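Some notes on the structure that comes next.
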Amino acid sequence: MSIQERQQTIVELLEQRGACSYQELIEHLGVSAMTARRDVDRLVGQGRAIKTLGGVQRADAPAYWYENELSTRMARQVAQKRAIAERAVGLLEAGTTLYLDGGTTCLELARQLARKRSDLIVVTNSAAACMELCRSGGNSVIGLGGECDPSSLCFVGPDCEEAAGRYFVDVAFVSTKGFVPDEGTFESSPATFRIKQVMAKRSSQVVLLADHTKFGQRALSKVLDISEISDVVTDALTPEEDLETLCEMGKDVHVVDVEHAEVS
C-alpha cells in the first residue's frame, strides 16, 4: 500500500468512526507505529486530520464534539451528578469490586464512596478519582497507570490498556459525552474511551451514569453498544420517551430526584 493509499484509508476510517487510536491504525494498515505516526503527521499537515493523545480525529468535526477540560465539565449539572452518584452508591453491596472511569459523574461517585463506604475494591484509571478515594483510606484502590492525559487527568495508552486487561470487576460505572438510548454511548477522546471498552468487557455489570443533557447527543466515536449496558442512572429531566425506550429494551433504569440530593 502506497503512502497516498494509506492516507486515504485513514481518512475513510475517520469518516466512519470519527476517531482512531494509533494501535487501531497499526492493526488496520499492517504497518509499524512509526509509519502510522508519519502518515498521521502528513494528514495533519494537510489539514485533513487532528492529532489527539494516543490517536487522531476527523478535522471537520464541530467544536462541541471534542473533549473539554475537566475543570469546565465539573461545573456543569452539579446537582444532577450528585444525585446520580448517591443512587449509584446504593447499588453496591459490601465487598463489591468496581471500575470507575474518569468522567465527572464518576468523580462525584468517588467522592461519595470515600465518605460513605469502606468495604469496596475500586479499579480506576483516573488520577483524580484515586485522590478522592484515598482520602478516607477505607476502600482498596487499584490505579491503572500509563500516559497521563492532562485534559481528563486519566491514565491512557497501551500500558494502561494492558493493565486494565488484568482485572475482572463486578460492576463498571461509566459516564459519557453523549448517549442515544437505542444505540449506545459516544465519546471524543480515543485515548480515554479505549479503557472503558476494555473494562466493560471485563465486568459482570455495566452501569451508565448520565444526566439528562447527555441524552440524544453523539460525539466523534461510538464507545459502548447499548447491549453492553445493564443499568442507567439518570435524573428526572430525562425525556420520558427515552426512559420508556430503555425499559422496553430490558434495562434497569434508576431515575433520581435532584431536589432531594444530599448537599456535600
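Within each chain, counting starts at residue 1; across the C-alpha cells, chains are named A, B, ... in the order shown, with ligands numbered 1 upward in that order.
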
Go through stretch 155-249 of chain A and flag each residue having an atom no more than 7 Å from stretch 96-108 of chain A; for those, report the closest pair of atoms plus their distance in Å to one decimal, using only C-alpha atoms, ordered by chain and rising number, as CSV.
```
residue,atom,partner,partner_atom,distance
A:Val169,CA,A:Thr97,CA,5.0
A:Asp170,CA,A:Thr97,CA,5.2
A:Val171,CA,A:Leu98,CA,4.7
A:Ala172,CA,A:Tyr99,CA,4.5
A:Phe173,CA,A:Leu100,CA,5.2
A:Val174,CA,A:Asp101,CA,5.5
A:Ser175,CA,A:Gly103,CA,5.5
A:Lys196,CA,A:Asp101,CA,6.8
A:Leu209,CA,A:Thr105,CA,6.7
```

Write the selection just made, keeping C-alpha atoms, as a compact mmCIF listing (two decimals), in the first residue's frame?
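As written to disk, result-v1.txt reads:
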```
# COMPACT_ATOMS: atom_id res chain seq x y z
CA VAL A 169 -14.84 -6.47 38.27
CA ASP A 170 -18.42 -6.93 39.40
CA VAL A 171 -19.60 -3.51 38.25
CA ALA A 172 -18.18 -0.96 35.80
CA PHE A 173 -19.50 2.57 36.31
CA VAL A 174 -19.10 4.64 33.17
CA SER A 175 -20.05 8.16 32.21
CA LYS A 196 -13.86 1.97 29.01
CA LEU A 209 -24.28 7.37 34.88
```

* For stretch 114-118 of chain A, please output as a PyMOL selection string all residues within 6 Å (counting only C-alpha atoms; exclusion window: fewer than 5 positions along the same chain). => chain A and resi 133+136+138-139

ask   = Would you give me, as a PyMOL selection string, the residues in stretch 17-253 of chain A that DSSP reads as helix (DSSP H, G or I)?
value = chain A and resi 17+22-29+33-45+63-65+70-74+78-90+104-116+127-133+158-164+190-201+212-214+226-228+240-248

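Of the residues listed (A:Gly250, A:Gly157, A:Gly146, A:Gly18), A:Gly250 shows the shortest atom-to-atom separation from A:Ile226; distances use only C-alpha atoms.
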
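Atom CA of A:Ser227 to atom CA of A:Gly184 spans 7.8 Å [interatomic distance, one decimal].
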
Checklist entry - Mind checking DSSP for stretch 55-178 of chain A and telling me the strand (DSSP E) residues as a PyMOL selection string? => result chain A and resi 55-58+97-100+121-124+140-143+147-149+154-156+169-174+178

Using only C-alpha atoms, the best pick from A:Gln80, A:Ser230, A:Gln46, A:Gln23 as closest to A:Val206 would be A:Ser230

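Residue neighbourhood of A:Cys247, excluding near-sequence residues (fewer than 5 positions): A:Pro181, A:Asp182, A:Ser230, A:Asp231, A:Val232, A:Glu240, A:Glu241, A:Asp242, A:Asp252, A:Val253, A:His254, A:Val255, at 12 Å, using only C-alpha atoms.
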
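Picture a line from atom CA of A:Leu113 to atom CA of A:Ala128; it runs 13.5 Å.
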
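Of the residues under consideration (A:Asp119, A:Glu183, A:Glu132, A:Glu228), A:Glu228 shows the shortest atom-to-atom contact distance to A:Ala200 when counting only C-alpha atoms.
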